[in-house]
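Notes to accompany the following structure.
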Amino acid sequence: PMIQGWRNYYGSVDPTMSRRFLGKVDWYILKRLTLYWNKRHRKKRMHPTKVAEVFKLAKLKSVSAYG
């Protein structure tokens with residue numbers, strides 16, 4: 001909820017700058033989720049792009065997708 005609030009506020013102020021910044025936030029969140037996944041499932045390690053697909057299928061929102 002906090003990150004989504006940031007997206008809503010900064011996305012309405014300057015959409016081009018916020019997409020760049022929130023894209024970095026997306027990358028960081030994906031990196032941390034990948035580390036978490038790989039630590040929990042040591043035998044089924046996944047690449048960050050594969051983890052992104054799994055979480056997209058789970059209907060998680062992307063922070064940088066505003067509007």
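Residue numbers start at 1 in each chain; chains themselves are named A, B, ... in the order of the structure tokens; ligands are numbered from 1 in the order shown.
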
What parts of chain A does DSSP call helix (DSSP H, G or I)? I'd like the answer as a PDB file with N, CA, C and O atoms, in the first residue's frame.
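The resulting file, selection-v3.pdb, is reproduced below:
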ATOM      1  N   MET A   2       1.966   1.251   0.712  1.00  0.00           N
ATOM      2  CA  MET A   2       2.803   2.445   0.778  1.00  0.00           C
ATOM      3  C   MET A   2       3.432   2.752  -0.574  1.00  0.00           C
ATOM      4  O   MET A   2       3.447   3.903  -1.012  1.00  0.00           O
ATOM      5  N   ILE A   3       3.929   1.733  -1.243  1.00  0.00           N
ATOM      6  CA  ILE A   3       4.542   1.928  -2.559  1.00  0.00           C
ATOM      7  C   ILE A   3       3.495   2.350  -3.571  1.00  0.00           C
ATOM      8  O   ILE A   3       3.738   3.206  -4.415  1.00  0.00           O
ATOM      9  N   GLN A   4       2.308   1.784  -3.469  1.00  0.00           N
ATOM     10  CA  GLN A   4       1.238   2.169  -4.388  1.00  0.00           C
ATOM     11  C   GLN A   4       0.839   3.626  -4.148  1.00  0.00           C
ATOM     12  O   GLN A   4       0.535   4.352  -5.097  1.00  0.00           O
ATOM     13  N   GLY A   5       0.864   4.079  -2.914  1.00  0.00           N
ATOM     14  CA  GLY A   5       0.579   5.479  -2.618  1.00  0.00           C
ATOM     15  C   GLY A   5       1.624   6.399  -3.226  1.00  0.00           C
ATOM     16  O   GLY A   5       1.307   7.457  -3.759  1.00  0.00           O
ATOM     17  N   TRP A   6       2.894   5.998  -3.138  1.00  0.00           N
ATOM     18  CA  TRP A   6       3.958   6.769  -3.786  1.00  0.00           C
ATOM     19  C   TRP A   6       3.712   6.865  -5.276  1.00  0.00           C
ATOM     20  O   TRP A   6       3.857   7.909  -5.876  1.00  0.00           O
ATOM     21  N   ARG A   7       3.342   5.725  -5.872  1.00  0.00           N
ATOM     22  CA  ARG A   7       3.095   5.704  -7.313  1.00  0.00           C
ATOM     23  C   ARG A   7       1.961   6.648  -7.677  1.00  0.00           C
ATOM     24  O   ARG A   7       2.059   7.403  -8.641  1.00  0.00           O
ATOM     25  N   ASN A   8       0.907   6.619  -6.913  1.00  0.00           N
ATOM     26  CA  ASN A   8      -0.241   7.480  -7.221  1.00  0.00           C
ATOM     27  C   ASN A   8       0.114   8.959  -7.093  1.00  0.00           C
ATOM     28  O   ASN A   8      -0.295   9.769  -7.917  1.00  0.00           O
ATOM     29  N   TYR A   9       0.880   9.315  -6.076  1.00  0.00           N
ATOM     30  CA  TYR A   9       1.230  10.714  -5.874  1.00  0.00           C
ATOM     31  C   TYR A   9       2.230  11.193  -6.922  1.00  0.00           C
ATOM     32  O   TYR A   9       2.000  12.171  -7.620  1.00  0.00           O
ATOM     33  N   TYR A  10       3.354  10.508  -7.031  1.00  0.00           N
ATOM     34  CA  TYR A  10       4.408  10.964  -7.934  1.00  0.00           C
ATOM     35  C   TYR A  10       4.054  10.739  -9.401  1.00  0.00           C
ATOM     36  O   TYR A  10       4.556  11.437 -10.271  1.00  0.00           O
ATOM     37  N   GLY A  11       3.201   9.788  -9.693  1.00  0.00           N
ATOM     38  CA  GLY A  11       2.768   9.571 -11.070  1.00  0.00           C
ATOM     39  C   GLY A  11       1.916  10.713 -11.590  1.00  0.00           C
ATOM     40  O   GLY A  11       1.947  11.037 -12.772  1.00  0.00           O
ATOM     41  N   SER A  12       1.193  11.354 -10.706  1.00  0.00           N
ATOM     42  CA  SER A  12       0.363  12.472 -11.139  1.00  0.00           C
ATOM     43  C   SER A  12       1.172  13.769 -11.225  1.00  0.00           C
ATOM     44  O   SER A  12       0.798  14.677 -11.953  1.00  0.00           O
ATOM     45  N   VAL A  13       2.285  13.853 -10.507  1.00  0.00           N
ATOM     46  CA  VAL A  13       3.109  15.065 -10.522  1.00  0.00           C
ATOM     47  C   VAL A  13       3.944  15.135 -11.791  1.00  0.00           C
ATOM     48  O   VAL A  13       3.907  16.116 -12.528  1.00  0.00           O
ATOM     49  N   PRO A  15       4.847  12.266 -14.681  1.00  0.00           N
ATOM     50  CA  PRO A  15       4.796  10.865 -15.118  1.00  0.00           C
ATOM     51  C   PRO A  15       6.097  10.337 -15.711  1.00  0.00           C
ATOM     52  O   PRO A  15       6.464   9.190 -15.461  1.00  0.00           O
ATOM     53  N   THR A  16       6.830  11.125 -16.491  1.00  0.00           N
ATOM     54  CA  THR A  16       8.040  10.597 -17.122  1.00  0.00           C
ATOM     55  C   THR A  16       9.134  10.348 -16.094  1.00  0.00           C
ATOM     56  O   THR A  16       9.805   9.308 -16.140  1.00  0.00           O
ATOM     57  N   MET A  17       9.306  11.256 -15.166  1.00  0.00           N
ATOM     58  CA  MET A  17      10.327  11.068 -14.136  1.00  0.00           C
ATOM     59  C   MET A  17       9.938   9.958 -13.178  1.00  0.00           C
ATOM     60  O   MET A  17      10.780   9.171 -12.739  1.00  0.00           O
ATOM     61  N   SER A  18       8.663   9.869 -12.861  1.00  0.00           N
ATOM     62  CA  SER A  18       8.235   8.846 -11.917  1.00  0.00           C
ATOM     63  C   SER A  18       8.369   7.452 -12.521  1.00  0.00           C
ATOM     64  O   SER A  18       8.693   6.507 -11.805  1.00  0.00           O
ATOM     65  N   ARG A  19       8.138   7.301 -13.831  1.00  0.00           N
ATOM     66  CA  ARG A  19       8.311   5.979 -14.449  1.00  0.00           C
ATOM     67  C   ARG A  19       9.752   5.512 -14.348  1.00  0.00           C
ATOM     68  O   ARG A  19      10.022   4.350 -14.114  1.00  0.00           O
ATOM     69  N   ARG A  20      10.682   6.446 -14.539  1.00  0.00           N
ATOM     70  CA  ARG A  20      12.100   6.101 -14.451  1.00  0.00           C
ATOM     71  C   ARG A  20      12.456   5.671 -13.024  1.00  0.00           C
ATOM     72  O   ARG A  20      13.088   4.645 -12.806  1.00  0.00           O
ATOM     73  N   PHE A  21      12.018   6.444 -12.049  1.00  0.00           N
ATOM     74  CA  PHE A  21      12.311   6.131 -10.658  1.00  0.00           C
ATOM     75  C   PHE A  21      11.602   4.858 -10.217  1.00  0.00           C
ATOM     76  O   PHE A  21      12.197   3.992  -9.582  1.00  0.00           O
ATOM     77  N   LEU A  22      10.316   4.743 -10.548  1.00  0.00           N
ATOM     78  CA  LEU A  22       9.559   3.572 -10.121  1.00  0.00           C
ATOM     79  C   LEU A  22       9.999   2.310 -10.852  1.00  0.00           C
ATOM     80  O   LEU A  22       9.832   1.205 -10.341  1.00  0.00           O
ATOM     81  N   GLY A  23      10.586   2.447 -12.042  1.00  0.00           N
ATOM     82  CA  GLY A  23      11.181   1.302 -12.723  1.00  0.00           C
ATOM     83  C   GLY A  23      12.339   0.736 -11.918  1.00  0.00           C
ATOM     84  O   GLY A  23      12.526  -0.484 -11.835  1.00  0.00           O
ATOM     85  N   LYS A  24      13.107   1.630 -11.300  1.00  0.00           N
ATOM     86  CA  LYS A  24      14.197   1.187 -10.427  1.00  0.00           C
ATOM     87  C   LYS A  24      13.650   0.513  -9.174  1.00  0.00           C
ATOM     88  O   LYS A  24      14.213  -0.466  -8.694  1.00  0.00           O
ATOM     89  N   VAL A  25      12.547   1.031  -8.659  1.00  0.00           N
ATOM     90  CA  VAL A  25      11.909   0.403  -7.500  1.00  0.00           C
ATOM     91  C   VAL A  25      11.400  -0.989  -7.885  1.00  0.00           C
ATOM     92  O   VAL A  25      11.562  -1.947  -7.128  1.00  0.00           O
ATOM     93  N   ASP A  26      10.801  -1.112  -9.080  1.00  0.00           N
ATOM     94  CA  ASP A  26      10.363  -2.423  -9.572  1.00  0.00           C
ATOM     95  C   ASP A  26      11.525  -3.402  -9.629  1.00  0.00           C
ATOM     96  O   ASP A  26      11.400  -4.552  -9.219  1.00  0.00           O
ATOM     97  N   TRP A  27      12.663  -2.932 -10.170  1.00  0.00           N
ATOM     98  CA  TRP A  27      13.829  -3.793 -10.291  1.00  0.00           C
ATOM     99  C   TRP A  27      14.291  -4.259  -8.916  1.00  0.00           C
ATOM    100  O   TRP A  27      14.599  -5.425  -8.716  1.00  0.00           O
ATOM    101  N   TYR A  28      14.317  -3.348  -7.940  1.00  0.00           N
ATOM    102  CA  TYR A  28      14.761  -3.691  -6.595  1.00  0.00           C
ATOM    103  C   TYR A  28      13.811  -4.702  -5.951  1.00  0.00           C
ATOM    104  O   TYR A  28      14.251  -5.677  -5.336  1.00  0.00           O
ATOM    105  N   ILE A  29      12.511  -4.479  -6.095  1.00  0.00           N
ATOM    106  CA  ILE A  29      11.527  -5.406  -5.530  1.00  0.00           C
ATOM    107  C   ILE A  29      11.675  -6.780  -6.169  1.00  0.00           C
ATOM    108  O   ILE A  29      11.655  -7.811  -5.476  1.00  0.00           O
ATOM    109  N   LEU A  30      11.837  -6.826  -7.491  1.00  0.00           N
ATOM    110  CA  LEU A  30      12.014  -8.100  -8.188  1.00  0.00           C
ATOM    111  C   LEU A  30      13.279  -8.804  -7.726  1.00  0.00           C
ATOM    112  O   LEU A  30      13.287 -10.017  -7.513  1.00  0.00           O
ATOM    113  N   LYS A  31      14.351  -8.063  -7.545  1.00  0.00           N
ATOM    114  CA  LYS A  31      15.615  -8.631  -7.071  1.00  0.00           C
ATOM    115  C   LYS A  31      15.442  -9.238  -5.686  1.00  0.00           C
ATOM    116  O   LYS A  31      15.902 -10.353  -5.421  1.00  0.00           O
ATOM    117  N   ARG A  32      14.770  -8.524  -4.796  1.00  0.00           N
ATOM    118  CA  ARG A  32      14.561  -9.041  -3.435  1.00  0.00           C
ATOM    119  C   ARG A  32      13.630 -10.258  -3.439  1.00  0.00           C
ATOM    120  O   ARG A  32      13.860 -11.208  -2.686  1.00  0.00           O
ATOM    121  N   LEU A  33      12.587 -10.230  -4.265  1.00  0.00           N
ATOM    122  CA  LEU A  33      11.702 -11.393  -4.358  1.00  0.00           C
ATOM    123  C   LEU A  33      12.429 -12.603  -4.924  1.00  0.00           C
ATOM    124  O   LEU A  33      12.189 -13.739  -4.505  1.00  0.00           O
ATOM    125  N   THR A  34      13.348 -12.372  -5.873  1.00  0.00           N
ATOM    126  CA  THR A  34      14.131 -13.465  -6.440  1.00  0.00           C
ATOM    127  C   THR A  34      15.041 -14.062  -5.376  1.00  0.00           C
ATOM    128  O   THR A  34      15.141 -15.290  -5.252  1.00  0.00           O
ATOM    129  N   LEU A  35      15.692 -13.215  -4.594  1.00  0.00           N
ATOM    130  CA  LEU A  35      16.546 -13.727  -3.516  1.00  0.00           C
ATOM    131  C   LEU A  35      15.724 -14.507  -2.496  1.00  0.00           C
ATOM    132  O   LEU A  35      16.151 -15.564  -2.025  1.00  0.00           O
ATOM    133  N   TYR A  36      14.556 -14.001  -2.166  1.00  0.00           N
ATOM    134  CA  TYR A  36      13.672 -14.697  -1.218  1.00  0.00           C
ATOM    135  C   TYR A  36      13.239 -16.052  -1.776  1.00  0.00           C
ATOM    136  O   TYR A  36      13.304 -17.060  -1.090  1.00  0.00           O
ATOM    137  N   TRP A  37      12.797 -16.055  -3.044  1.00  0.00           N
ATOM    138  CA  TRP A  37      12.348 -17.294  -3.674  1.00  0.00           C
ATOM    139  C   TRP A  37      13.469 -18.327  -3.694  1.00  0.00           C
ATOM    140  O   TRP A  37      13.268 -19.480  -3.331  1.00  0.00           O
ATOM    141  N   ASN A  38      14.655 -17.912  -4.125  1.00  0.00           N
ATOM    142  CA  ASN A  38      15.766 -18.846  -4.241  1.00  0.00           C
ATOM    143  C   ASN A  38      16.239 -19.349  -2.882  1.00  0.00           C
ATOM    144  O   ASN A  38      16.734 -20.469  -2.781  1.00  0.00           O
ATOM    145  N   LYS A  39      16.064 -18.561  -1.850  1.00  0.00           N
ATOM    146  CA  LYS A  39      16.435 -19.018  -0.517  1.00  0.00           C
ATOM    147  C   LYS A  39      15.419 -20.025   0.012  1.00  0.00           C
ATOM    148  O   LYS A  39      15.791 -20.999   0.665  1.00  0.00           O
ATOM    149  N   ARG A  40      14.153 -19.782  -0.279  1.00  0.00           N
ATOM    150  CA  ARG A  40      13.103 -20.703   0.204  1.00  0.00           C
ATOM    151  C   ARG A  40      13.064 -22.006  -0.592  1.00  0.00           C
ATOM    152  O   ARG A  40      12.710 -23.046  -0.053  1.00  0.00           O
ATOM    153  N   PRO A  48      15.583 -14.103 -12.373  1.00  0.00           N
ATOM    154  CA  PRO A  48      14.642 -13.003 -12.082  1.00  0.00           C
ATOM    155  C   PRO A  48      13.527 -12.841 -13.110  1.00  0.00           C
ATOM    156  O   PRO A  48      12.402 -12.499 -12.746  1.00  0.00           O
ATOM    157  N   THR A  49      13.787 -13.090 -14.386  1.00  0.00           N
ATOM    158  CA  THR A  49      12.714 -12.956 -15.378  1.00  0.00           C
ATOM    159  C   THR A  49      11.648 -14.023 -15.172  1.00  0.00           C
ATOM    160  O   THR A  49      10.462 -13.759 -15.359  1.00  0.00           O
ATOM    161  N   LYS A  50      12.053 -15.205 -14.783  1.00  0.00           N
ATOM    162  CA  LYS A  50      11.090 -16.279 -14.521  1.00  0.00           C
ATOM    163  C   LYS A  50      10.278 -15.965 -13.263  1.00  0.00           C
ATOM    164  O   LYS A  50       9.072 -16.209 -13.225  1.00  0.00           O
ATOM    165  N   VAL A  51      10.938 -15.409 -12.254  1.00  0.00           N
ATOM    166  CA  VAL A  51      10.225 -15.009 -11.037  1.00  0.00           C
ATOM    167  C   VAL A  51       9.207 -13.918 -11.363  1.00  0.00           C
ATOM    168  O   VAL A  51       8.088 -13.933 -10.857  1.00  0.00           O
ATOM    169  N   ALA A  52       9.579 -12.992 -12.246  1.00  0.00           N
ATOM    170  CA  ALA A  52       8.658 -11.926 -12.657  1.00  0.00           C
ATOM    171  C   ALA A  52       7.428 -12.520 -13.337  1.00  0.00           C
ATOM    172  O   ALA A  52       6.306 -12.060 -13.102  1.00  0.00           O
ATOM    173  N   GLU A  53       7.616 -13.543 -14.159  1.00  0.00           N
ATOM    174  CA  GLU A  53       6.482 -14.191 -14.816  1.00  0.00           C
ATOM    175  C   GLU A  53       5.571 -14.862 -13.802  1.00  0.00           C
ATOM    176  O   GLU A  53       4.342 -14.789 -13.907  1.00  0.00           O
ATOM    177  N   VAL A  54       6.164 -15.524 -12.812  1.00  0.00           N
ATOM    178  CA  VAL A  54       5.371 -16.207 -11.785  1.00  0.00           C
ATOM    179  C   VAL A  54       4.530 -15.202 -11.006  1.00  0.00           C
ATOM    180  O   VAL A  54       3.340 -15.418 -10.777  1.00  0.00           O
ATOM    181  N   PHE A  55       5.139 -14.092 -10.609  1.00  0.00           N
ATOM    182  CA  PHE A  55       4.396 -13.099  -9.841  1.00  0.00           C
ATOM    183  C   PHE A  55       3.395 -12.342 -10.701  1.00  0.00           C
ATOM    184  O   PHE A  55       2.376 -11.882 -10.200  1.00  0.00           O
ATOM    185  N   LYS A  56       3.646 -12.230 -12.000  1.00  0.00           N
ATOM    186  CA  LYS A  56       2.668 -11.606 -12.896  1.00  0.00           C
ATOM    187  C   LYS A  56       1.449 -12.512 -13.034  1.00  0.00           C
ATOM    188  O   LYS A  56       0.313 -12.037 -13.073  1.00  0.00           O
ATOM    189  N   LEU A  57       1.676 -13.830 -13.086  1.00  0.00           N
ATOM    190  CA  LEU A  57       0.555 -14.769 -13.125  1.00  0.00           C
ATOM    191  C   LEU A  57      -0.247 -14.733 -11.830  1.00  0.00           C
ATOM    192  O   LEU A  57      -1.439 -15.027 -11.836  1.00  0.00           O
TER     193      LEU A  57
END
